[in-house]
Each structure stands twice: as C-alpha cells, then as structure tokens.
Amino acid sequence: MRVTIRLFARLRDLAGSGELVRDVPHPATVQTVWRTLVTEMPALGDYERTMSVAVNADYSRMTASVNEGDEVAFLPPVSGG
Amino acid sequence: MSVPLVAVTSQVLDLQALVDELAKTGSGDGAITPFVGLVRDHNQGRRVEYLEYEAYDALAVRALNRIVDEARQAWPDTRVAVHHRTGRLEIGEASIIIAAASPHRAHAFAACRYAIERVKQIVPIWKHEHFAGGDVWLEGATADPEDEVARATAYRIACA
C-alpha cells in the first residue's frame with residue numbers, strides 16, 4: 001500500500017526531499033515505514049532515538065498502525081520559539 | 001475582522017492585534033501579559049546572520065491549540081493566544097508572540113510563561129541558523145505531548 005512520508009528540518013535535508021511516496025507492505029506500522037525509509041537512506045537512522053512521529057498531522061507512536069494513503073511524518077527534536 | 005488565537009504564518013507578527021483581540025472579548029479581564037520572542041544576533045558563540053523557521057503547519061497549529069487548552073485547564077479564568085512566524089527572519093524580528101488575558105495578573109503572567117515553555121517542548125517548528133561561516137539546524141526537545149514530566153516542568157517554571 002502507498003503512503004506519503006513527510007520529513008522536516010535536518011531530516012528533510014538529509015533525504016533531499018520533504019515529501020516522498022513509498023509502497024510498504026500491509027499491514028504496516030509507523031515502524032514499518034521508518035524501516036523502509038532507513039533501508040533506502042541509512043544516514044537517517046540515527047534519528048530513531050530522538051525523533052517524534054506523526055500520522056495524518058497528529059502525534060503518534062512507532063507502534064501505531066498505518067493505512068493506505070496515510071501521511072506519516074518523522075520529526076527531529078523541535079526548536080521553535 | 002477577528003484575529004485567530006492560534007496561528008502559524010509567514011507574515012510579520014502583530015502583537016497589538018493579538019492584545020486587542022483578547023481585550024475586546026474579555027470584559028472581566030484585569031490584565032494581559034505579552035511575550036515577544038526575537039531573533040538575536042548570537043547563539044552558542046556564533047554570530048548569527050539570520051534564521052529560517054520551518055514548520056509542520058498542520059501539526060503546529062494543532063500543538064498550539066493543545067497548549068492554549070492546557071493553559072485554560074491550569075488557569076481556568078485565563079485565555080492564551082499564540083502566533084508563530086515561519087520563513088526567513090532577520091535579527092531583531094519577532095519569531096513568536098504570546099498574549100495571556102486573565103482577571104488577575106499572576107495567572108496571566110504564569111499562563112504566558114507556560115505557553116512559551118510548552119512551545120519549545122512540543123510544537124513542530126525548527127530553526128535553521130545561518131551564522132558567519134555556516135549554517136546549522138537547531139534541535140532541542142524530542143516532542144512528546146503526552147510526556148507528563150515535561151508538562152509538569154513547564155508548569156513549575158510558569159509558577160516560579
């Protein structure tokens with residue numbers, strides 16, 4: 001099934017794009033999407049310890065399930081204000 | 001025209017508009033406390049030239065609304081408004097404005113402080129610092145709105 005991956009800040013720079021569309025096996029979790037991404041781009045892997053994740057613009061967890069067409073975002077530690 | 005209490009925008013921030021909006025909708029209020037966050041010219045020993053702010057807009061608005069709700073739970077008579085700017089900002093420009101309105105100044109000050117502490121914890125916005133000789137993405141807190149320790153820390157700082 002197809003999902004949209006959103007990346008921000010340094011993760012976006014490392015990936016070279018802020019939005020990617022990828023096929024992942026079904027059923028999938030956020031973890032499945034992340035593994036797909038890191039297999040393709042190992043340089044992103046270090047962020048697993050510090051990043052946050054979101055599904056359809058709502059904070060989520062690595063164990064959350066992902067459905068066809070979902071937007072899955074990976075967020076480096078934030079620095080707003 | 002009414003001003004939204006929460007916004008993520010590339011436009012120049014207007015503190016007076018935010019204060020006016022709170023003032024005109026709260027006849028029981030005795031105080032409004034403003035906070036303005038500015039782009040400063042130095043950071044961690046580097047000479048900063050300008051900042052670029054990037055946001056996950058949809059989630060940032062959601063997180064700001066959550067902060068406004070949290071503040072209302074902590075200080076039920078108090079209303080908080082927050083606007084955060086994105087894009088390129090020069091030294092001295094406002095990156096964030098917050099205003100808190102309350103019948104009592106102590107609650108207004110506390111809610112305002114709480115809001116900025118929570119922004120730094122859970123709002124998906126990032127600073128890309130351009131300094132003399134390079135650039136760097138700043139990374140602070142791992143955002144987790146369910147982290148009660150972080151929330152309690154923000155509350156403690158607000159009430160200090």
# chains A, B, ... in the order shown; residues from 1 in each chain; ligands from 1
>>> interface_residues(of="chain B", to="chain A", cutoff="9 Å", atoms="only C-alpha atoms", output="PDB file with N, CA and C atoms, in the first residue's frame")
ATOM      1  N   GLY B  37       9.140  36.841  21.316  1.00  0.00           N
ATOM      2  CA  GLY B  37      10.425  36.179  21.115  1.00  0.00           C
ATOM      3  C   GLY B  37      11.112  36.783  19.901  1.00  0.00           C
ATOM      4  N   LEU B  38      12.406  37.144  20.055  1.00  0.00           N
ATOM      5  CA  LEU B  38      13.133  37.836  18.992  1.00  0.00           C
ATOM      6  C   LEU B  38      14.279  36.995  18.454  1.00  0.00           C
ATOM      7  N   TYR B  53      12.822  29.671   9.810  1.00  0.00           N
ATOM      8  CA  TYR B  53      11.958  28.799  10.602  1.00  0.00           C
ATOM      9  C   TYR B  53      11.143  27.926   9.667  1.00  0.00           C
ATOM     10  N   GLU B  54      11.161  26.637   9.971  1.00  0.00           N
ATOM     11  CA  GLU B  54      10.349  25.685   9.199  1.00  0.00           C
ATOM     12  C   GLU B  54       9.324  25.066  10.142  1.00  0.00           C
ATOM     13  N   ALA B  55       8.112  24.843   9.663  1.00  0.00           N
ATOM     14  CA  ALA B  55       7.060  24.261  10.499  1.00  0.00           C
ATOM     15  C   ALA B  55       6.350  23.137   9.766  1.00  0.00           C
ATOM     16  N   TYR B  56       5.868  22.185  10.516  1.00  0.00           N
ATOM     17  CA  TYR B  56       4.872  21.237  10.019  1.00  0.00           C
ATOM     18  C   TYR B  56       3.536  21.905  10.356  1.00  0.00           C
ATOM     19  N   ASP B  57       3.058  22.714   9.438  1.00  0.00           N
ATOM     20  CA  ASP B  57       1.990  23.673   9.740  1.00  0.00           C
ATOM     21  C   ASP B  57       0.772  23.047  10.419  1.00  0.00           C
ATOM     22  N   ALA B  58       0.250  21.976   9.820  1.00  0.00           N
ATOM     23  CA  ALA B  58      -0.998  21.396  10.333  1.00  0.00           C
ATOM     24  C   ALA B  58      -0.829  20.908  11.769  1.00  0.00           C
ATOM     25  N   LEU B  59       0.291  20.254  12.033  1.00  0.00           N
ATOM     26  CA  LEU B  59       0.526  19.741  13.383  1.00  0.00           C
ATOM     27  C   LEU B  59       0.919  20.869  14.341  1.00  0.00           C
ATOM     28  N   ALA B  60       1.605  21.877  13.828  1.00  0.00           N
ATOM     29  CA  ALA B  60       1.996  23.008  14.677  1.00  0.00           C
ATOM     30  C   ALA B  60       0.762  23.747  15.186  1.00  0.00           C
ATOM     31  N   ARG B  62      -2.170  22.453  15.527  1.00  0.00           N
ATOM     32  CA  ARG B  62      -2.792  21.534  16.486  1.00  0.00           C
ATOM     33  C   ARG B  62      -2.091  21.591  17.849  1.00  0.00           C
ATOM     34  N   ALA B  63      -0.761  21.605  17.830  1.00  0.00           N
ATOM     35  CA  ALA B  63       0.006  21.642  19.080  1.00  0.00           C
ATOM     36  C   ALA B  63      -0.213  22.971  19.811  1.00  0.00           C
ATOM     37  N   HIS B  84       3.033  32.093  15.739  1.00  0.00           N
ATOM     38  CA  HIS B  84       4.442  31.780  15.444  1.00  0.00           C
ATOM     39  C   HIS B  84       4.718  32.052  13.975  1.00  0.00           C
ATOM     40  N   ARG B  85       5.851  32.667  13.729  1.00  0.00           N
ATOM     41  CA  ARG B  85       6.203  33.009  12.353  1.00  0.00           C
ATOM     42  C   ARG B  85       7.112  31.942  11.741  1.00  0.00           C
ATOM     43  N   SER B  95       9.788  36.268  16.268  1.00  0.00           N
ATOM     44  CA  SER B  95       9.503  34.922  15.760  1.00  0.00           C
ATOM     45  C   SER B  95       8.229  34.359  16.379  1.00  0.00           C
ATOM     46  N   ILE B  96       7.905  34.838  17.571  1.00  0.00           N
ATOM     47  CA  ILE B  96       6.702  34.353  18.251  1.00  0.00           C
ATOM     48  C   ILE B  96       6.130  35.471  19.121  1.00  0.00           C
ATOM     49  N   ILE B  97       4.803  35.545  19.141  1.00  0.00           N
ATOM     50  CA  ILE B  97       4.132  36.455  20.074  1.00  0.00           C
ATOM     51  C   ILE B  97       3.083  35.663  20.842  1.00  0.00           C
ATOM     52  N   ILE B 116       5.102  29.629  26.409  1.00  0.00           N
ATOM     53  CA  ILE B 116       6.380  29.638  25.676  1.00  0.00           C
ATOM     54  C   ILE B 116       7.215  28.415  26.021  1.00  0.00           C
ATOM     55  N   GLU B 117       7.152  27.971  27.287  1.00  0.00           N
ATOM     56  CA  GLU B 117       7.897  26.753  27.649  1.00  0.00           C
ATOM     57  C   GLU B 117       7.353  25.545  26.885  1.00  0.00           C
ATOM     58  N   VAL B 119       5.724  25.618  24.001  1.00  0.00           N
ATOM     59  CA  VAL B 119       6.048  25.767  22.574  1.00  0.00           C
ATOM     60  C   VAL B 119       7.398  25.116  22.291  1.00  0.00           C
ATOM     61  N   LYS B 120       8.346  25.378  23.186  1.00  0.00           N
ATOM     62  CA  LYS B 120       9.695  24.841  22.975  1.00  0.00           C
ATOM     63  C   LYS B 120       9.750  23.326  23.164  1.00  0.00           C
ATOM     64  N   GLN B 121       8.751  22.778  23.825  1.00  0.00           N
ATOM     65  CA  GLN B 121       8.726  21.331  24.049  1.00  0.00           C
ATOM     66  C   GLN B 121       8.005  20.551  22.950  1.00  0.00           C
ATOM     67  N   ILE B 122       6.884  21.061  22.466  1.00  0.00           N
ATOM     68  CA  ILE B 122       6.009  20.178  21.664  1.00  0.00           C
ATOM     69  C   ILE B 122       5.531  20.722  20.310  1.00  0.00           C
ATOM     70  N   VAL B 123       5.922  21.933  19.940  1.00  0.00           N
ATOM     71  CA  VAL B 123       5.412  22.449  18.663  1.00  0.00           C
ATOM     72  C   VAL B 123       6.417  22.138  17.550  1.00  0.00           C
ATOM     73  N   PRO B 124       5.988  21.459  16.477  1.00  0.00           N
ATOM     74  CA  PRO B 124       6.910  21.050  15.415  1.00  0.00           C
ATOM     75  C   PRO B 124       7.327  22.216  14.523  1.00  0.00           C
ATOM     76  N   ILE B 125       8.250  22.999  15.064  1.00  0.00           N
ATOM     77  CA  ILE B 125       8.865  24.112  14.343  1.00  0.00           C
ATOM     78  C   ILE B 125      10.363  24.032  14.607  1.00  0.00           C
ATOM     79  N   TRP B 126      11.148  24.364  13.563  1.00  0.00           N
ATOM     80  CA  TRP B 126      12.608  24.242  13.665  1.00  0.00           C
ATOM     81  C   TRP B 126      13.285  25.512  13.192  1.00  0.00           C
ATOM     82  N   LYS B 127      14.391  25.840  13.901  1.00  0.00           N
ATOM     83  CA  LYS B 127      15.232  26.966  13.499  1.00  0.00           C
ATOM     84  C   LYS B 127      16.400  26.455  12.655  1.00  0.00           C
ATOM     85  N   HIS B 128      16.571  27.054  11.493  1.00  0.00           N
ATOM     86  CA  HIS B 128      17.768  26.817  10.686  1.00  0.00           C
ATOM     87  C   HIS B 128      18.621  28.075  10.826  1.00  0.00           C
ATOM     88  N   VAL B 136      23.314  25.699  10.536  1.00  0.00           N
ATOM     89  CA  VAL B 136      23.042  24.515  11.346  1.00  0.00           C
ATOM     90  C   VAL B 136      21.557  24.466  11.707  1.00  0.00           C
ATOM     91  N   TRP B 137      20.991  23.260  11.681  1.00  0.00           N
ATOM     92  CA  TRP B 137      19.634  23.072  12.203  1.00  0.00           C
ATOM     93  C   TRP B 137      19.718  22.939  13.713  1.00  0.00           C
ATOM     94  N   LEU B 138      18.963  23.733  14.426  1.00  0.00           N
ATOM     95  CA  LEU B 138      18.943  23.616  15.878  1.00  0.00           C
ATOM     96  C   LEU B 138      17.936  22.537  16.271  1.00  0.00           C
ATOM     97  N   GLU B 139      18.332  21.738  17.244  1.00  0.00           N
ATOM     98  CA  GLU B 139      17.464  20.660  17.712  1.00  0.00           C
ATOM     99  C   GLU B 139      17.401  20.708  19.233  1.00  0.00           C
ATOM    100  N   GLY B 140      16.194  20.854  19.754  1.00  0.00           N
ATOM    101  CA  GLY B 140      16.012  20.971  21.197  1.00  0.00           C
ATOM    102  C   GLY B 140      15.378  19.733  21.787  1.00  0.00           C
ATOM    103  N   ALA B 141      14.085  19.825  22.032  1.00  0.00           N
ATOM    104  CA  ALA B 141      13.374  18.759  22.731  1.00  0.00           C
ATOM    105  C   ALA B 141      12.769  17.753  21.762  1.00  0.00           C
ATOM    106  N   THR B 142      12.812  16.459  22.157  1.00  0.00           N
ATOM    107  CA  THR B 142      12.031  15.454  21.446  1.00  0.00           C
ATOM    108  C   THR B 142      10.571  15.687  21.806  1.00  0.00           C
ATOM    109  N   ALA B 143       9.780  16.037  20.792  1.00  0.00           N
ATOM    110  CA  ALA B 143       8.393  16.451  21.062  1.00  0.00           C
ATOM    111  C   ALA B 143       7.529  15.259  21.450  1.00  0.00           C
ATOM    112  N   ASP B 144       6.930  15.342  22.631  1.00  0.00           N
ATOM    113  CA  ASP B 144       6.004  14.310  23.088  1.00  0.00           C
ATOM    114  C   ASP B 144       4.962  14.959  23.993  1.00  0.00           C
ATOM    115  N   PRO B 145       3.813  15.291  23.417  1.00  0.00           N
ATOM    116  CA  PRO B 145       2.796  15.995  24.210  1.00  0.00           C
ATOM    117  C   PRO B 145       2.285  15.182  25.388  1.00  0.00           C
TER     118      PRO B 145
END
>>> select_by_dssp(residues="chain A", states="helix (DSSP H, G or I)", output="list of chain:residue names")
A:Ala9, A:Arg10, A:Leu11, A:Arg12, A:Asp13, A:Leu14, A:Ala15, A:Val30, A:Gln31, A:Thr32, A:Val33, A:Trp34, A:Arg35, A:Thr36, A:Leu37, A:Val38, A:Thr39, A:Glu40, A:Pro42, A:Ala43, A:Leu44, A:Gly45, A:Asp46, A:Tyr47, A:Glu48, A:Arg49
>>> write_last_selection(atoms="N, CA and C atoms", output="compact mmCIF listing (two decimals), in the first residue's frame")
# COMPACT_ATOMS: atom_id res chain seq x y z
N ALA A 9 13.14 19.73 8.55
CA ALA A 9 14.40 20.25 9.07
C ALA A 9 15.58 19.41 8.57
N ARG A 10 16.46 18.95 9.48
CA ARG A 10 17.66 18.25 9.01
C ARG A 10 17.33 16.91 8.36
N LEU A 11 16.26 16.26 8.83
CA LEU A 11 15.85 15.00 8.17
C LEU A 11 15.50 15.25 6.71
N ARG A 12 14.86 16.37 6.45
CA ARG A 12 14.49 16.73 5.08
C ARG A 12 15.76 16.99 4.26
N ASP A 13 16.70 17.70 4.85
CA ASP A 13 17.97 17.97 4.15
C ASP A 13 18.71 16.67 3.83
N LEU A 14 18.77 15.77 4.81
CA LEU A 14 19.49 14.51 4.61
C LEU A 14 18.84 13.68 3.49
N ALA A 15 17.52 13.70 3.45
CA ALA A 15 16.79 12.90 2.46
C ALA A 15 16.75 13.59 1.09
N VAL A 30 4.02 2.56 11.89
CA VAL A 30 4.95 3.65 11.64
C VAL A 30 6.37 3.10 11.55
N GLN A 31 6.65 2.09 12.39
CA GLN A 31 7.96 1.44 12.37
C GLN A 31 8.28 0.84 10.99
N THR A 32 7.29 0.21 10.37
CA THR A 32 7.47 -0.36 9.03
C THR A 32 7.89 0.71 8.03
N VAL A 33 7.21 1.85 8.11
CA VAL A 33 7.50 2.95 7.19
C VAL A 33 8.92 3.48 7.44
N TRP A 34 9.26 3.61 8.72
CA TRP A 34 10.60 4.10 9.08
C TRP A 34 11.68 3.15 8.56
N ARG A 35 11.47 1.83 8.74
CA ARG A 35 12.47 0.85 8.28
C ARG A 35 12.64 0.92 6.76
N THR A 36 11.53 1.09 6.07
CA THR A 36 11.59 1.24 4.61
C THR A 36 12.46 2.43 4.23
N LEU A 37 12.26 3.51 4.97
CA LEU A 37 12.99 4.74 4.69
C LEU A 37 14.48 4.59 5.00
N VAL A 38 14.78 3.99 6.16
CA VAL A 38 16.18 3.89 6.58
C VAL A 38 16.94 2.87 5.73
N THR A 39 16.25 1.85 5.24
CA THR A 39 16.89 0.90 4.32
C THR A 39 17.36 1.63 3.06
N GLU A 40 16.52 2.55 2.63
CA GLU A 40 16.84 3.32 1.43
C GLU A 40 17.88 4.41 1.72
N PRO A 42 20.28 5.10 4.81
CA PRO A 42 20.82 4.74 6.13
C PRO A 42 21.23 5.96 6.97
N ALA A 43 21.57 7.07 6.33
CA ALA A 43 22.02 8.26 7.06
C ALA A 43 20.95 8.80 8.00
N LEU A 44 19.70 8.44 7.76
CA LEU A 44 18.60 8.94 8.59
C LEU A 44 18.48 8.17 9.91
N GLY A 45 19.12 6.99 9.95
CA GLY A 45 18.88 6.05 11.04
C GLY A 45 19.14 6.58 12.44
N ASP A 46 20.14 7.47 12.57
CA ASP A 46 20.49 7.99 13.89
C ASP A 46 19.34 8.72 14.57
N TYR A 47 18.39 9.19 13.77
CA TYR A 47 17.29 9.97 14.35
C TYR A 47 16.28 9.12 15.11
N GLU A 48 16.38 7.80 14.97
CA GLU A 48 15.38 6.94 15.62
C GLU A 48 15.31 7.18 17.13
N ARG A 49 16.45 7.53 17.74
CA ARG A 49 16.50 7.71 19.19
C ARG A 49 15.85 9.02 19.65
>>> select_by_dssp(residues="chain B", states="strand (DSSP E or B)", output="ChimeraX atom specification")
/B:6-9,31-38,42-43,46-55,79-85,87-90,94-102,125-131,134-137,141
